[in-house]
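Q: This is the structure I want to talk about, given as structure tokens.
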Amino acid sequence: MATVETADTAVAEESGVRRRDFINIAAVSFAGAGVVATVFPLVNQMNPSADVLALASVDVDVSAIERGQAIKILWRKQPVFVRNLTEAEISEADAVDAESLRDPQTLAERTAIGKENWLITMGVCTHLGCVPLGAAEGENKGEFDGYFCPCHGSHYDTAGRIRKGPAPRNLDVPEYAFQSDTVVKIG
Amino acid sequence: MSFPWAKQYTPTTEFGQWMDEKLPVPRLVYNSLGAGYPTPRNLNYMWNFGSLAGIFLVVQIVTGIILAMHYAANANIAFDSVEHIMRDVNSGWMIRYAHANGASFFFIAIYLHIGRGLFYGSYKAPREMIWLLGVVIYLLAMATAFMGYVLPWGQMSFWGAKVITGLFEAIPLVGKPIQELLLGGFAPDNAALNRFFSLHYLLPFVIAGVIIMHIWALHIPGSNNPTGVDVKGPQDTVPFHPYYTAKDGWTLGVALIFFTILMFFLPNALGHADNYIPANPLSTPAHIVPEWYFWPWYAILRAFTVDFLFIPAKLLGVLAMFSAILVWFFLPWLDKSPVRSGMFRPKFKIFFGILVVDVLVLGYCGGAPAAEPFVMISQFASAYYFAHFLIILPLLSRLEKPEPLPNSITESVTGKPLTTAS
């Protein structure tokens, strides 16, 4: 060992960098890259698996929903409200000055063009994730005739916008598209 | 820890100083795996497999914990949940193949480690306890590997569970109740699968605990070395870090290359196609064998084909199989030769070679169908296996004339006699 150390020191005196420094850096970098390449799949495995992602979109037949009715469907293991608004509910929503709201949005911004009577929102309160009431017949619709979350008292209006209570945002609108007049694909 | 000239841990930072007073974990690491552990300077590559086995245990624990996140220990869905891991879970196929082949690599490392101990007399005084703990680790590893193989609930899983628990049935009088107790039923089913999963998750941590004791016991006398001669002074040792950490790292790199090749290109080479068929209690696979690392013991089990006196052949086979490993517990007292290393035991060297070949032959027969000539070969090989430990080793230690030992490790390395007195 002694001879090797002497040789190393001699080189170091000339250039300030030893061959061993290079070997150290190269070996540690190589091992580091290997660790990253190994850890990535070990963490990524926790992301949704292929069978979960396969459930990521559902087709809903909305032909049986009368004006003023709503249904609850399950999408990605979460409830989605599909509501067929009445003319009265639409005008009630349009009568509000959107800019005055906590989360300023008009009904038109929350519905599909030409399908303004179809309000499709997540049935998940934006406060802490409870399912608001108001979709089924006879449930408490809150002070603004939309949805009411019983957990912490958030009131949503006929456009699913937050009007009173602790929730920070309007009920989220999922990605959806009408496949035909009666079938909507959510997700 | 073991020698007075061991380097002392001195914290270099204020935080290190503070930590050293409160909870001296860095000091513990320094003294056990760092520069504070003086190690014989002449260790050869056979000394690399203990750390390698430890690293593969970590691989098994990490991949196993991940697999448990996706696996369902229920007889109705266990098989499908494994297919779910293979097809749906992100990189699930890779993690499962790493776990399945990691078991093989763990056993490769552990067998080389055991072989090293056998040849260089690492089981002899003052290292008996290290050896005994090692045998415990091996037994625990076998139980863990067996139960892990049952979890996919394929044909080999099911019939493996049935055959291995069937071994306990051979015990006179209480055998049948014991088998039913182990299975929680009359044949492997949901109850057995659930408890196997629970224990398969638990035992690796027990193994890790015994490994800590194994290393603790090692650090009292310090490592053995290829000459078997005791360390006599500072000139005989080098610090564990960086010398052996770097050397172990090199072996790890080589092992990982082979591991990667197996995992990505031959992932099922060591498995059995039958285990991709869901468990069927009505049909046994034509050729049922355990995993390769159990083959030698399986051959001993099957070598007993006739009843002897009043003892049924089945019980004899089971007793022989367990005795084949339990005899290791007596090894430090069977081999009384004061010379540790096989390097200086000319006759032992030959018999050790024969034992290695014998175990390989047993392994081959264990993987072959239970038919002639393999049964007969297994019988001779089993007889020799026991003869080695029970007859040859005790006799050799009396009859053999060992070669002269070097005066010190340094002398054996440099070829020059030790000049300075330590």
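By order in the structure tokens, chains are A, B, ...; within a chain, residues start at 1; ligands start at 1, following the order shown.
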Set the cut-off to 6 Å and count only C-alpha atoms: what are the residues of chain B that reach chain A? Output as a list in words.
A: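 Taken together, these residues fit the definition: Asp88, Val89, Asn90 and Ser91 of chain B.
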Q: Identify all residues of region 1-115 of chain B in alpha helix (DSSP H) (DSSP on the backbone) and supply them as a count of residues only.
A: 74
Q: Which residues are close to Val82 (chain B), i.e. within 10 Å by only C-alpha atoms, leaving aside same-chain residues fewer than 6 positions away? Reply as a PyMOL selection string.
A: chain B and resi 67+70-72+88-89+92-93+96+151-154+276
Q: Would you kindly return, as a PyMOL selection string, each protein, DNA or RNA residue with an atom no farther than 7 Å from any atom of Leu140 (chain B), considering only C-alpha atoms and excluding same-chain residues fewer than 3 positions away?
A: chain B and resi 136-137+143-144+203+207
Q: Give me, as a list in words, all polymer residues having an atom no more than 12 Å from Lys77 (chain A), counting only C-alpha atoms and skipping those fewer than 5 positions away in the same chain.
A: Val52, Leu53, Leu55, Ala56, Ser57, Val58, Lys72, Met122, Gly123 and Val124 of chain A
Q: Applying 8 Å and only C-alpha atoms, which residues near Leu171 (chain A) remain after dropping the ones on its own chain fewer than 2 positions away? List them as a list in words.
A: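 In the requested format, the answer is Thr121, Met122, Gly123, Val124, Cys125, Thr126, Tyr156, Gly160, Arg161, Ile162, Arg169 and Val173 of chain A.
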Q: Select, from B:His214, B:His84, B:His272, B:Lys349, the residue with the minimum atom-to-atom distance to Leu118 (chain B), counting only C-alpha atoms.
A: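 The shortest atom-to-atom distance to Leu118 (chain B) comes from B:Lys349.
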Q: Between B:Ala303, B:Val62, B:Leu282, B:Leu132, which residue has the minimum interatomic distance to Ala371 (chain B), considering only C-alpha atoms?
A: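 Going through B:Ala303, B:Val62, B:Leu282, B:Leu132 one by one, the smallest distance to Ala371 (chain B) is for B:Ala303.
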Q: Using only C-alpha atoms, which protein or nucleic acid residues come within 9 Å of Glu137 (chain A)? Drop anything in the same chain fewer than 3 positions from it, and give the result as a list in words.
A: Gln69, Ala70 and Gly134 of chain A
Q: Please determine, counting only C-alpha atoms, which residue among B:Leu399, B:Ile110, B:Leu167, B:Met46 has the shortest atom-to-atom distance to Ala313 (chain B).
A: B:Leu167
Q: Would you mind writing down, as an NGL selection string, each residue of region 18-171 of chain A that DSSP on the backbone assigns to strand (DSSP E)?
A: :A and (58-61 or 70-75 or 78-84 or 118-122 or 145-149 or 154-157 or 162-164)
Q: Could you write out that same residue set with N, CA and C atoms as a short mmCIF file (atom, residue, chain, number, x, y, z; two decimals), in the first residue's frame?
A:
data_model
loop_
_atom_site.label_atom_id
_atom_site.label_comp_id
_atom_site.auth_asym_id
_atom_site.auth_seq_id
_atom_site.Cartn_x
_atom_site.Cartn_y
_atom_site.Cartn_z
N VAL A 58 -66.60 6.52 -17.72
CA VAL A 58 -67.86 5.77 -17.76
C VAL A 58 -68.84 6.45 -18.71
N ASP A 59 -69.66 5.67 -19.35
CA ASP A 59 -70.73 6.21 -20.20
C ASP A 59 -72.03 6.21 -19.40
N VAL A 60 -72.74 7.33 -19.41
CA VAL A 60 -73.99 7.44 -18.64
C VAL A 60 -75.13 7.76 -19.59
N ASP A 61 -76.22 6.98 -19.47
CA ASP A 61 -77.43 7.26 -20.23
C ASP A 61 -78.29 8.22 -19.41
N ALA A 70 -82.06 14.71 -10.51
CA ALA A 70 -80.62 14.48 -10.58
C ALA A 70 -80.35 13.02 -10.27
N ILE A 71 -79.25 12.51 -10.78
CA ILE A 71 -78.83 11.15 -10.40
C ILE A 71 -77.40 11.22 -9.88
N LYS A 72 -77.07 10.18 -9.14
CA LYS A 72 -75.72 10.04 -8.59
C LYS A 72 -75.11 8.83 -9.28
N ILE A 73 -73.94 8.98 -9.85
CA ILE A 73 -73.27 7.80 -10.42
C ILE A 73 -71.87 7.69 -9.83
N LEU A 74 -71.30 6.52 -9.98
CA LEU A 74 -69.97 6.29 -9.41
C LEU A 74 -68.93 6.36 -10.52
N TRP A 75 -67.96 7.23 -10.36
CA TRP A 75 -66.87 7.36 -11.33
C TRP A 75 -65.56 7.46 -10.56
N GLN A 78 -65.87 7.59 -6.95
CA GLN A 78 -66.38 8.80 -6.32
C GLN A 78 -67.72 9.13 -6.96
N PRO A 79 -68.64 9.78 -6.19
CA PRO A 79 -69.94 10.11 -6.75
C PRO A 79 -69.86 11.30 -7.71
N VAL A 80 -70.65 11.22 -8.78
CA VAL A 80 -70.81 12.34 -9.71
C VAL A 80 -72.30 12.65 -9.76
N PHE A 81 -72.64 13.95 -9.64
CA PHE A 81 -74.05 14.36 -9.75
C PHE A 81 -74.32 14.77 -11.19
N VAL A 82 -75.37 14.19 -11.78
CA VAL A 82 -75.82 14.63 -13.10
C VAL A 82 -77.23 15.22 -12.90
N ARG A 83 -77.36 16.53 -13.06
CA ARG A 83 -78.64 17.21 -12.78
C ARG A 83 -79.18 17.83 -14.06
N ASN A 84 -80.47 17.60 -14.27
CA ASN A 84 -81.17 18.22 -15.40
C ASN A 84 -81.90 19.43 -14.85
N TRP A 118 -77.75 20.71 -18.38
CA TRP A 118 -77.10 19.54 -17.77
C TRP A 118 -75.94 19.99 -16.89
N LEU A 119 -76.16 19.96 -15.58
CA LEU A 119 -75.09 20.32 -14.63
C LEU A 119 -74.45 19.03 -14.13
N ILE A 120 -73.23 18.82 -14.57
CA ILE A 120 -72.52 17.59 -14.17
C ILE A 120 -71.35 17.98 -13.28
N THR A 121 -71.42 17.61 -12.02
CA THR A 121 -70.36 17.97 -11.07
C THR A 121 -69.98 16.75 -10.24
N MET A 122 -68.81 16.85 -9.65
CA MET A 122 -68.42 15.84 -8.67
C MET A 122 -69.35 15.97 -7.46
N ASP A 145 -80.78 26.29 -2.96
CA ASP A 145 -81.53 25.37 -3.81
C ASP A 145 -80.66 24.45 -4.66
N GLY A 146 -79.41 24.29 -4.28
CA GLY A 146 -78.54 23.38 -5.04
C GLY A 146 -78.20 22.17 -4.19
N TYR A 147 -77.06 22.23 -3.55
CA TYR A 147 -76.62 21.12 -2.71
C TYR A 147 -76.23 21.67 -1.35
N PHE A 148 -76.32 20.78 -0.35
CA PHE A 148 -75.96 21.17 1.00
C PHE A 148 -75.10 20.07 1.60
N CYS A 149 -73.91 20.45 2.07
CA CYS A 149 -73.05 19.43 2.67
C CYS A 149 -73.27 19.41 4.17
N SER A 154 -71.66 23.47 4.13
CA SER A 154 -71.42 24.26 2.92
C SER A 154 -72.68 24.24 2.05
N HIS A 155 -73.05 25.45 1.57
CA HIS A 155 -74.26 25.55 0.73
C HIS A 155 -73.83 25.83 -0.70
N TYR A 156 -74.37 25.06 -1.64
CA TYR A 156 -74.08 25.27 -3.07
C TYR A 156 -75.36 25.67 -3.76
N ASP A 157 -75.23 26.53 -4.81
CA ASP A 157 -76.45 26.99 -5.48
C ASP A 157 -76.81 26.08 -6.64
N ILE A 162 -70.22 27.41 -4.69
CA ILE A 162 -70.20 27.60 -3.24
C ILE A 162 -70.72 28.99 -2.92
N ARG A 163 -71.70 29.04 -2.00
CA ARG A 163 -72.30 30.34 -1.66
C ARG A 163 -72.14 30.65 -0.19
N LYS A 164 -72.05 29.60 0.64
CA LYS A 164 -71.98 29.85 2.08
C LYS A 164 -71.36 28.63 2.74
#
Q: With only C-alpha atoms as the basis for distance, which of B:Ala98, B:Phe168, B:Met376, B:Arg398 is at the shortest distance from Thr305 (chain B)?
A: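 Looking only at the distances to Thr305 (chain B), the closest residue turns out to be B:Met376.
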Q: In Å to one decimal, how far is CA of Tyr45 (chain B) from CA of Lys247 (chain B)?
A: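 Going from CA of Lys247 (chain B) over to CA of Tyr45 (chain B), I get 8.3 Å.
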